[in-house]
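Q: Okay, so here is run15.cif, and as you'll see once you scroll down, it has mmCIF, C-alpha atoms and all ligand atoms.
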data_run
loop_
_atom_site.label_atom_id
_atom_site.label_comp_id
_atom_site.auth_asym_id
_atom_site.auth_seq_id
_atom_site.Cartn_x
_atom_site.Cartn_y
_atom_site.Cartn_z
CA MET A 1 0.00 0.00 0.00
CA TYR A 2 2.68 2.49 -1.13
CA PHE A 3 0.22 5.31 -1.81
CA LYS A 4 -1.81 5.02 1.42
CA ASP A 5 -2.10 8.49 3.02
CA LYS A 6 0.32 9.98 0.50
CA VAL A 7 -0.74 13.29 -1.06
CA ALA A 8 -0.62 13.18 -4.86
CA VAL A 9 -1.17 16.10 -7.22
CA VAL A 10 -2.26 15.19 -10.75
CA THR A 11 -2.62 18.04 -13.23
CA GLY A 12 -5.33 17.50 -15.86
CA GLY A 13 -7.24 14.84 -13.94
CA SER A 14 -10.67 15.35 -15.49
CA ASP A 15 -10.12 13.19 -18.59
CA GLY A 16 -8.08 10.35 -20.06
CA ILE A 17 -4.88 9.23 -18.36
CA GLY A 18 -5.13 11.90 -15.63
CA LYS A 19 -8.63 10.80 -14.64
CA ALA A 20 -7.49 7.14 -14.52
CA LEU A 21 -4.54 8.18 -12.34
CA VAL A 22 -6.83 10.09 -9.94
CA GLN A 23 -9.20 7.13 -9.61
CA LEU A 24 -6.42 4.58 -9.12
CA LEU A 25 -4.64 6.76 -6.56
CA LEU A 26 -7.87 7.20 -4.59
CA SER A 27 -8.53 3.47 -4.63
CA ASN A 28 -4.98 2.97 -3.29
CA GLY A 29 -5.74 5.18 -0.29
CA ALA A 30 -4.02 8.39 -1.42
CA LYS A 31 -5.31 11.91 -0.97
CA VAL A 32 -5.50 13.46 -4.41
CA ALA A 33 -5.63 16.99 -5.77
CA THR A 34 -6.31 17.69 -9.40
CA CYS A 35 -6.89 20.62 -11.71
CA GLY A 36 -8.19 21.35 -15.20
CA ARG A 37 -9.55 24.33 -17.07
CA ASN A 38 -13.15 23.15 -17.33
CA TYR A 39 -14.79 23.23 -13.88
CA ASP A 40 -17.82 21.19 -14.99
CA LYS A 41 -15.64 18.20 -15.89
CA LEU A 42 -13.87 18.45 -12.52
CA TYR A 43 -17.20 18.72 -10.76
CA GLN A 44 -18.44 15.52 -12.48
CA LEU A 45 -15.33 13.73 -11.21
CA LYS A 46 -15.96 15.06 -7.70
CA ALA A 47 -19.54 13.77 -7.84
CA PHE A 48 -18.11 10.23 -8.00
CA HIS A 49 -15.73 10.87 -5.09
CA PRO A 50 -17.59 13.22 -2.75
CA ASN A 51 -15.38 12.62 0.30
CA ASP A 52 -12.47 14.81 1.43
CA ASP A 53 -9.79 12.64 -0.19
CA LEU A 54 -10.28 14.40 -3.54
CA PHE A 55 -9.60 18.12 -3.93
CA ILE A 56 -10.51 19.73 -7.26
CA TYR A 57 -9.37 23.16 -8.45
CA ALA A 58 -9.96 25.04 -11.70
CA ALA A 59 -6.56 26.08 -13.04
CA ASP A 60 -4.89 26.51 -16.41
CA VAL A 61 -1.33 25.17 -16.13
CA SER A 62 -0.14 27.50 -18.89
CA LYS A 63 -0.70 30.36 -16.40
CA GLU A 64 2.04 30.79 -13.83
CA ALA A 65 -0.28 32.40 -11.26
CA ASP A 66 -2.83 29.56 -11.55
CA CYS A 67 -0.12 26.96 -10.89
CA LYS A 68 1.16 28.86 -7.82
CA LYS A 69 -2.35 29.23 -6.40
CA PHE A 70 -3.17 25.56 -7.10
CA ILE A 71 -0.07 24.20 -5.31
CA ASP A 72 -0.61 26.64 -2.38
CA GLU A 73 -4.23 25.51 -2.06
CA VAL A 74 -3.23 21.82 -2.06
CA VAL A 75 -0.78 22.43 0.80
CA LYS A 76 -3.51 24.33 2.71
CA GLN A 77 -5.93 21.46 2.11
CA PHE A 78 -3.68 18.44 2.82
CA GLY A 79 -0.63 19.87 4.66
CA LYS A 80 2.02 18.25 2.42
CA ILE A 81 2.70 16.91 -1.08
CA ASP A 82 4.42 13.57 -1.77
CA VAL A 83 3.90 13.19 -5.51
CA LEU A 84 3.40 15.62 -8.39
CA ILE A 85 2.31 14.12 -11.72
CA ASN A 86 2.58 16.73 -14.48
CA ASN A 87 -0.05 15.12 -16.69
CA ALA A 88 -2.06 18.03 -18.19
CA GLY A 89 -1.32 18.19 -21.87
CA ILE A 90 -2.62 19.00 -25.29
CA SER A 91 -1.66 17.85 -28.78
CA MET A 92 -1.87 19.34 -32.28
CA ARG A 93 -2.21 18.16 -35.87
CA ALA A 94 -1.00 20.32 -38.75
CA GLU A 95 2.17 20.43 -40.81
CA VAL A 96 4.64 23.22 -40.05
CA ALA A 97 4.07 24.89 -43.45
CA ASP A 98 0.34 25.34 -42.72
CA THR A 99 0.39 25.91 -38.98
CA ASP A 100 -0.42 29.23 -37.37
CA LEU A 101 2.40 29.86 -34.87
CA GLU A 102 -0.29 30.26 -32.18
CA THR A 103 -0.89 26.48 -32.32
CA ILE A 104 2.74 25.70 -31.50
CA LYS A 105 2.89 28.39 -28.80
CA ARG A 106 -0.30 27.14 -27.06
CA VAL A 107 0.99 23.55 -27.00
CA MET A 108 4.37 24.65 -25.68
CA ASP A 109 2.77 26.87 -22.99
CA ILE A 110 0.66 24.01 -21.63
CA ASN A 111 2.96 21.01 -22.00
CA PHE A 112 6.34 22.58 -21.28
CA TRP A 113 5.65 25.70 -19.20
CA GLY A 114 2.86 23.96 -17.26
CA THR A 115 5.38 21.32 -16.19
CA VAL A 116 8.02 23.93 -15.33
CA TYR A 117 5.63 26.07 -13.25
CA CYS A 118 4.15 23.21 -11.24
CA SER A 119 7.51 21.48 -10.68
CA LYS A 120 9.11 24.74 -9.51
CA PHE A 121 6.29 25.65 -7.09
CA VAL A 122 6.03 22.13 -5.64
CA LEU A 123 9.77 21.70 -5.13
CA PRO A 124 10.04 22.74 -1.43
CA GLU A 125 7.26 20.25 -0.56
CA ILE A 126 8.82 17.42 -2.58
CA LEU A 127 12.23 18.03 -0.97
CA ARG A 128 10.59 17.97 2.47
CA SER A 129 8.71 14.71 1.78
CA LYS A 130 11.54 13.14 -0.32
CA GLY A 131 8.78 12.53 -2.81
CA THR A 132 8.51 12.23 -6.58
CA ILE A 133 8.01 14.61 -9.51
CA VAL A 134 6.74 12.94 -12.68
CA GLY A 135 6.34 14.27 -16.20
CA VAL A 136 3.81 12.50 -18.40
CA SER A 137 5.79 12.99 -21.57
CA SER A 138 5.43 10.98 -24.78
CA VAL A 139 7.23 8.75 -27.25
CA ALA A 140 7.03 11.95 -29.38
CA GLY A 141 9.58 13.43 -26.95
CA PHE A 142 12.12 10.85 -28.18
CA ARG A 143 11.04 10.70 -31.83
CA GLY A 144 9.37 13.70 -33.46
CA LEU A 145 6.08 12.90 -35.18
CA PRO A 146 4.80 14.63 -38.34
CA GLY A 147 1.96 17.08 -37.78
CA ARG A 148 3.00 17.30 -34.13
CA SER A 149 5.95 19.72 -34.29
CA GLY A 150 4.98 21.76 -31.21
CA TYR A 151 3.86 18.67 -29.33
CA SER A 152 7.06 16.71 -30.04
CA ALA A 153 9.23 19.72 -29.19
CA SER A 154 7.32 20.36 -25.95
CA LYS A 155 7.78 16.74 -24.82
CA ALA A 156 11.49 16.71 -25.73
CA ALA A 157 11.81 19.90 -23.68
CA VAL A 158 9.96 18.28 -20.75
CA ASN A 159 12.32 15.27 -20.88
CA SER A 160 15.34 17.52 -20.88
CA PHE A 161 14.05 19.80 -18.11
CA LEU A 162 13.27 16.84 -15.87
CA GLU A 163 16.58 15.14 -16.65
CA VAL A 164 18.35 18.25 -15.35
CA LEU A 165 16.11 18.45 -12.28
CA ARG A 166 16.68 14.74 -11.61
CA THR A 167 20.45 15.21 -11.69
CA GLU A 168 20.27 18.30 -9.47
CA LEU A 169 18.19 16.38 -6.91
CA LEU A 170 20.09 13.10 -7.11
CA GLU A 171 21.41 13.31 -3.55
CA SER A 172 18.28 14.92 -2.05
CA GLY A 173 16.23 11.75 -1.53
CA ALA A 174 13.58 13.02 -3.96
CA ASN A 175 12.96 11.23 -7.28
CA VAL A 176 12.29 12.77 -10.69
CA MET A 177 11.05 10.67 -13.60
CA TRP A 178 9.35 11.04 -16.98
CA VAL A 179 7.02 8.48 -18.47
CA CYS A 180 6.36 8.16 -22.17
CA PRO A 181 3.02 6.57 -23.02
CA GLY A 182 2.51 5.27 -26.55
CA PHE A 183 -0.91 5.68 -28.20
CA THR A 184 -3.49 5.54 -25.37
CA THR A 185 -7.27 5.83 -25.63
CA SER A 186 -8.31 9.30 -24.40
CA ASN A 187 -9.73 12.64 -25.50
CA ILE A 188 -6.32 13.97 -26.60
CA ARG A 189 -6.84 13.62 -30.35
CA ASN A 190 -10.30 15.28 -30.20
CA ALA A 191 -8.87 18.17 -28.21
CA ALA A 192 -5.73 18.46 -30.38
CA LEU A 193 -5.33 21.90 -31.96
CA ASN A 194 -5.61 22.28 -35.73
CA LYS A 195 -3.61 24.71 -37.82
CA ASP A 196 -5.76 27.61 -36.54
CA ALA A 197 -5.23 26.72 -32.86
CA LYS A 198 -8.81 25.36 -32.56
CA PRO A 199 -9.66 21.84 -31.27
CA GLN A 200 -9.85 19.50 -34.28
CA GLY A 201 -12.90 17.78 -32.73
CA GLU A 202 -12.25 14.31 -34.16
CA THR A 203 -9.71 11.53 -33.93
CA PRO A 204 -7.92 10.33 -37.06
CA MET A 205 -6.93 7.07 -35.34
CA ASP A 206 -8.60 3.88 -34.13
CA GLU A 207 -8.96 4.67 -30.41
CA GLY A 208 -10.22 1.15 -29.66
CA SER A 209 -6.94 -0.50 -30.65
CA MET A 210 -4.83 1.51 -28.18
CA MET A 211 -3.68 0.90 -24.60
CA SER A 212 -6.44 1.89 -22.16
CA ALA A 213 -5.96 4.94 -19.93
CA GLU A 214 -6.44 2.64 -16.90
CA GLU A 215 -3.60 0.33 -17.94
CA CYS A 216 -1.38 3.32 -18.66
CA ALA A 217 -2.15 4.71 -15.16
CA GLN A 218 -1.24 1.36 -13.57
CA HIS A 219 2.17 1.38 -15.28
CA ILE A 220 2.79 4.96 -14.14
CA LEU A 221 1.93 4.28 -10.49
CA HIS A 222 4.08 1.13 -10.51
CA ALA A 223 7.03 3.14 -11.88
CA ILE A 224 6.54 5.82 -9.17
CA GLU A 225 6.53 3.15 -6.47
CA LYS A 226 9.72 1.59 -7.88
CA ARG A 227 11.28 5.07 -8.12
CA LYS A 228 12.22 4.53 -11.77
CA ARG A 229 14.12 7.02 -13.93
CA THR A 230 11.98 6.73 -17.03
CA LEU A 231 9.37 4.50 -18.63
CA VAL A 232 8.44 3.98 -22.29
CA LEU A 233 5.10 2.26 -22.88
CA THR A 234 3.62 0.01 -25.61
CA PHE A 235 5.47 -2.23 -28.05
CA THR A 236 5.12 0.36 -30.84
CA GLY A 237 6.45 3.08 -28.53
CA LYS A 238 9.50 1.05 -27.46
CA ARG A 239 10.19 0.08 -31.10
CA ALA A 240 10.01 3.74 -32.21
CA VAL A 241 12.52 4.81 -29.53
CA PHE A 242 14.87 1.89 -30.36
CA MET A 243 14.73 2.43 -34.13
CA ASN A 244 15.29 6.16 -33.79
CA ARG A 245 18.31 5.65 -31.55
CA PHE A 246 20.09 3.05 -33.68
CA PHE A 247 18.66 3.54 -37.20
CA PRO A 248 17.53 7.19 -37.36
CA SER A 249 17.38 7.49 -41.17
CA LEU A 250 15.29 4.35 -41.47
CA ALA A 251 13.09 5.64 -38.63
CA ASP A 252 12.39 8.82 -40.68
CA LYS A 253 11.06 6.66 -43.53
CA LEU A 254 9.03 4.33 -41.30
CA VAL A 255 7.43 7.22 -39.40
CA ARG A 256 6.64 9.00 -42.67
CA LYS A 257 5.03 5.81 -44.00
CA PHE A 258 2.90 5.45 -40.84
CA PHE A 259 1.50 9.00 -40.93
CA TYR A 260 1.19 9.69 -44.69
CA LYS A 261 -0.82 8.25 -47.56
CA ASP A 262 -0.35 9.45 -51.17
CA GLY A 263 1.71 12.39 -49.90
CA LYS A 264 -1.02 13.52 -47.48
CA LEU A 265 -0.86 13.54 -43.68
CA VAL A 266 -3.66 11.11 -42.73
CA LYS A 267 -3.06 10.49 -39.01
N1 LIG B 1 -3.35 9.61 -25.10
C1 LIG B 1 -2.21 9.40 -25.71
O1 LIG B 1 -2.14 8.70 -26.74
C2 LIG B 1 -0.94 9.96 -25.11
C3 LIG B 1 0.27 9.47 -25.58
C4 LIG B 1 1.45 9.98 -25.04
C5 LIG B 1 1.40 10.95 -24.07
N2 LIG B 1 0.21 11.42 -23.62
C6 LIG B 1 0.22 12.47 -22.61
O2 LIG B 1 -0.61 12.11 -21.53
C7 LIG B 1 -1.10 13.29 -20.89
C8 LIG B 1 -2.61 13.17 -20.69
O3 LIG B 1 -3.20 13.12 -21.97
P1 LIG B 1 -4.59 12.39 -22.29
O4 LIG B 1 -4.34 11.54 -23.47
O5 LIG B 1 -5.16 11.80 -21.07
O6 LIG B 1 -5.45 13.66 -22.78
P2 LIG B 1 -6.97 14.10 -22.52
O7 LIG B 1 -7.86 12.91 -22.47
O8 LIG B 1 -7.24 15.13 -23.55
O9 LIG B 1 -6.91 14.76 -21.07
C9 LIG B 1 -6.17 15.95 -20.88
C10 LIG B 1 -6.44 16.50 -19.48
O10 LIG B 1 -5.61 17.66 -19.30
C11 LIG B 1 -6.42 18.78 -18.97
N3 LIG B 1 -5.80 19.99 -19.53
C12 LIG B 1 -5.58 20.28 -20.84
N4 LIG B 1 -5.04 21.51 -20.94
C13 LIG B 1 -4.92 21.99 -19.67
C14 LIG B 1 -4.46 23.21 -19.12
N5 LIG B 1 -4.01 24.21 -19.91
N6 LIG B 1 -4.48 23.38 -17.78
C15 LIG B 1 -4.95 22.38 -16.97
N7 LIG B 1 -5.42 21.21 -17.44
C16 LIG B 1 -5.41 21.03 -18.77
C17 LIG B 1 -7.79 18.47 -19.59
O11 LIG B 1 -8.84 19.18 -18.92
P3 LIG B 1 -9.36 20.62 -19.49
O12 LIG B 1 -9.50 20.48 -20.98
O13 LIG B 1 -10.65 20.86 -18.77
O14 LIG B 1 -8.33 21.63 -19.11
C18 LIG B 1 -7.88 16.97 -19.30
O15 LIG B 1 -8.29 16.74 -17.98
C19 LIG B 1 -0.70 14.46 -21.79
O16 LIG B 1 0.42 15.12 -21.26
C20 LIG B 1 -0.35 13.79 -23.10
O17 LIG B 1 0.57 14.52 -23.86
C21 LIG B 1 -0.97 10.94 -24.12
#
Taking this structure as input, can you express it in the form of structure tokens?

A:
Amino acid sequence: MYFKDKVAVVTGGSDGIGKALVQLLLSNGAKVATCGRNYDKLYQLKAFHPNDDLFIYAADVSKEADCKKFIDEVVKQFGKIDVLINNAGISMRAEVADTDLETIKRVMDINFWGTVYCSKFVLPEILRSKGTIVGVSSVAGFRGLPGRSGYSASKAAVNSFLEVLRTELLESGANVMWVCPGFTTSNIRNAALNKDAKPQGETPMDEGSMMSAEECAQHILHAIEKRKRTLVLTFTGKRAVFMNRFFPSLADKLVRKFFYKDGKLVK
């Protein structure tokens, strides 16, 4: 019962992987705080867990002041923080040539700066508790994916930022790790920004054939408990990282083949 009475903060816990993490943490006896931009979605989550073990807070992680207020409120509510999971994230789908720069900036602000803000503000608590900071990154952080320039760059930046923080904290007793899910069933592709920085409102992929958010959450909690350095999920995800490391030119061709048909980006 590693998580019993631990205080865990999960950003973006109202959907997908974050929601599965919140539910699994609660069922493991943790006290959980989560945030999201849409209060109604948070409120629906709270309706399923009306007791004091779940604290919900409307915050946009791309806003520094929101992140500060959120972390301060969690400490007021629960008195300490043992685990921060930087999960809130957004994707995009448009080739660089067509993309409004606003799309790339929005993705970077949420995925990269959201992780930086929350990690920075939580640091004194994590040092005190000798706890764990996690980044929910992506295979795209190891191997850039077409149509996802801002997303891939944001996740590579998250990996790098957390690698530095991990090294700085190596003798502190705290752990820093980044996990890289492969394709996982969630709302991320519906919410992904199009070339005009608007949600694309559909998924171009077969969501049913992916890892479930619940299974992904189980792997993440197991890795936190084992105080791992990093975790890459799914066979396809591991293969992409391996191929890109040892056969990068071939990986370019294979990735291109996966995402394009007749010269058009189809995924
Ligand atoms: N699903 C995949 O295939 C996959 C693969 C690799 C990595 N990941 C990563 O896993 C993480 C979770 O993604 P998911 O697939 O579970 O996506 P999702 O189903 O779209 O859920 C995203 C969650 O983040 C919240 N969120 C988005 N922008 C936010 C912001 N600015 N401030 C606060 N909360 C925000 C959303 O709530 P609101 O919209 O209400 O803010 C929602 O609760 C992301 O970091 C993603 O990059 C996912």

Q: Show me, as JSON, the centre and edge lengths in Å to one decimal of the axis-aligned box that covers every listed atom of ligand LIG 1 (chain B) with 8 Å on each side.

A:
{"center_x": -4.6, "center_y": 16.5, "center_z": -21.9, "size_x": 28.1, "size_y": 31.5, "size_z": 25.8}

Q: Extract, using only C-alpha atoms, all DNA, RNA and protein residues at most 12 Å from Asn175 in chain A, discarding same-chain residues fewer than 6 positions from it, and format them as a PDB file with C-alpha atoms, keeping the file's coordinate frame.

A:
ATOM      1  CA  ASP A  82       4.420  13.570  -1.770  1.00  0.00           C
ATOM      2  CA  VAL A  83       3.900  13.190  -5.510  1.00  0.00           C
ATOM      3  CA  LEU A  84       3.400  15.620  -8.390  1.00  0.00           C
ATOM      4  CA  ILE A  85       2.310  14.120 -11.720  1.00  0.00           C
ATOM      5  CA  LEU A 123       9.770  21.700  -5.130  1.00  0.00           C
ATOM      6  CA  ILE A 126       8.820  17.420  -2.580  1.00  0.00           C
ATOM      7  CA  LEU A 127      12.230  18.030  -0.970  1.00  0.00           C
ATOM      8  CA  SER A 129       8.710  14.710   1.780  1.00  0.00           C
ATOM      9  CA  LYS A 130      11.540  13.140  -0.320  1.00  0.00           C
ATOM     10  CA  GLY A 131       8.780  12.530  -2.810  1.00  0.00           C
ATOM     11  CA  THR A 132       8.510  12.230  -6.580  1.00  0.00           C
ATOM     12  CA  ILE A 133       8.010  14.610  -9.510  1.00  0.00           C
ATOM     13  CA  VAL A 134       6.740  12.940 -12.680  1.00  0.00           C
ATOM     14  CA  GLY A 135       6.340  14.270 -16.200  1.00  0.00           C
ATOM     15  CA  LEU A 162      13.270  16.840 -15.870  1.00  0.00           C
ATOM     16  CA  GLU A 163      16.580  15.140 -16.650  1.00  0.00           C
ATOM     17  CA  VAL A 164      18.350  18.250 -15.350  1.00  0.00           C
ATOM     18  CA  LEU A 165      16.110  18.450 -12.280  1.00  0.00           C
ATOM     19  CA  ARG A 166      16.680  14.740 -11.610  1.00  0.00           C
ATOM     20  CA  THR A 167      20.450  15.210 -11.690  1.00  0.00           C
ATOM     21  CA  GLU A 168      20.270  18.300  -9.470  1.00  0.00           C
ATOM     22  CA  LEU A 169      18.190  16.380  -6.910  1.00  0.00           C
ATOM     23  CA  ALA A 223       7.030   3.140 -11.880  1.00  0.00           C
ATOM     24  CA  ILE A 224       6.540   5.820  -9.170  1.00  0.00           C
ATOM     25  CA  GLU A 225       6.530   3.150  -6.470  1.00  0.00           C
ATOM     26  CA  LYS A 226       9.720   1.590  -7.880  1.00  0.00           C
ATOM     27  CA  ARG A 227      11.280   5.070  -8.120  1.00  0.00           C
ATOM     28  CA  LYS A 228      12.220   4.530 -11.770  1.00  0.00           C
ATOM     29  CA  ARG A 229      14.120   7.020 -13.930  1.00  0.00           C
ATOM     30  CA  THR A 230      11.980   6.730 -17.030  1.00  0.00           C
TER      31      THR A 230
END

Q: Of the candidates A:Val266, A:Ala140, A:Ile81, A:Ala157, which one gets nearest to ligand LIG 1 (chain B) if we count all atoms listed in the file?

A: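 Of the candidates, the smallest distance to ligand LIG 1 (chain B) is held by A:Ala140.
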
Q: Tell me, in Å to one decimal, how far CA of Ser152 in chain A is from CA of Thr184 in chain A.

A: 16.1 Å

Q: I'd like to know which of A:Val255, A:Leu24, A:Cys216, A:Leu221 is closest to ligand LIG 1 (chain B), using all atoms listed in the file.

A: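 Selected residue with least distance to ligand LIG 1 (chain B): A:Cys216.
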
Q: Using all atoms listed in the file, which residue out of A:Arg148, A:His219, A:Arg128, A:Lys80 lies closest to Ala20 in chain A?

A: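 Using all atoms listed in the file, the shortest distance to Ala20 in chain A belongs to A:His219.
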
Q: Quick one: pull the distance between CA of Pro248 in chain A and CA of Phe235 in chain A, Å, one decimal.

A: 17.9 Å

Q: Name the residues, by chain letter and number, that sit within 6 Å of ligand LIG 1 (chain B) using only C-alpha atoms and all ligand atoms, and give them as a PyMOL selection string.

A: chain A and resi 11-18+35-38+59-62+87-90+110+136-138+180-188+191

Q: Within 6 Å of range 203-207 of chain A, counting all atoms listed in the file, which residues show up once you throw out same-chain ones fewer than 3 positions away? Write them as JSON, numbers by chain, please.

A: {"A": [185, 189, 190, 210, 267]}

Q: Show me the residues around (-2.2, 7.5, 1.2) - criterion: an atom at most 12 Å away, all atoms listed in the file counted - as a PyMOL selection string.

A: chain A and resi 1-8+24-32+53-54+78+80-83

Q: In Å, rounded to a single decimal, give me how far CA of Glu214 in chain A is from CA of Gly79 in chain A.

A: 28.2 Å

Q: Between A:Phe242, A:Tyr151, A:Phe70, A:Phe55, which is the closest to Ala33 in chain A once you count only C-alpha atoms?

A: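 When distances to Ala33 in chain A are compared using only C-alpha atoms, the smallest one comes from A:Phe55.
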
Q: For each of A:Ala192, A:Lys105, A:Val9, A:Gly141, take the minimum atom-to-atom distance to Glu73 in chain A, counting all atoms listed in the file, then give the residue where this is smallest.

A: A:Val9

Q: So which one's closest to Trp178 in chain A, A:Ala153, A:Val107, A:Leu145, A:Leu233? Using only C-alpha atoms, please.

A: A:Leu233
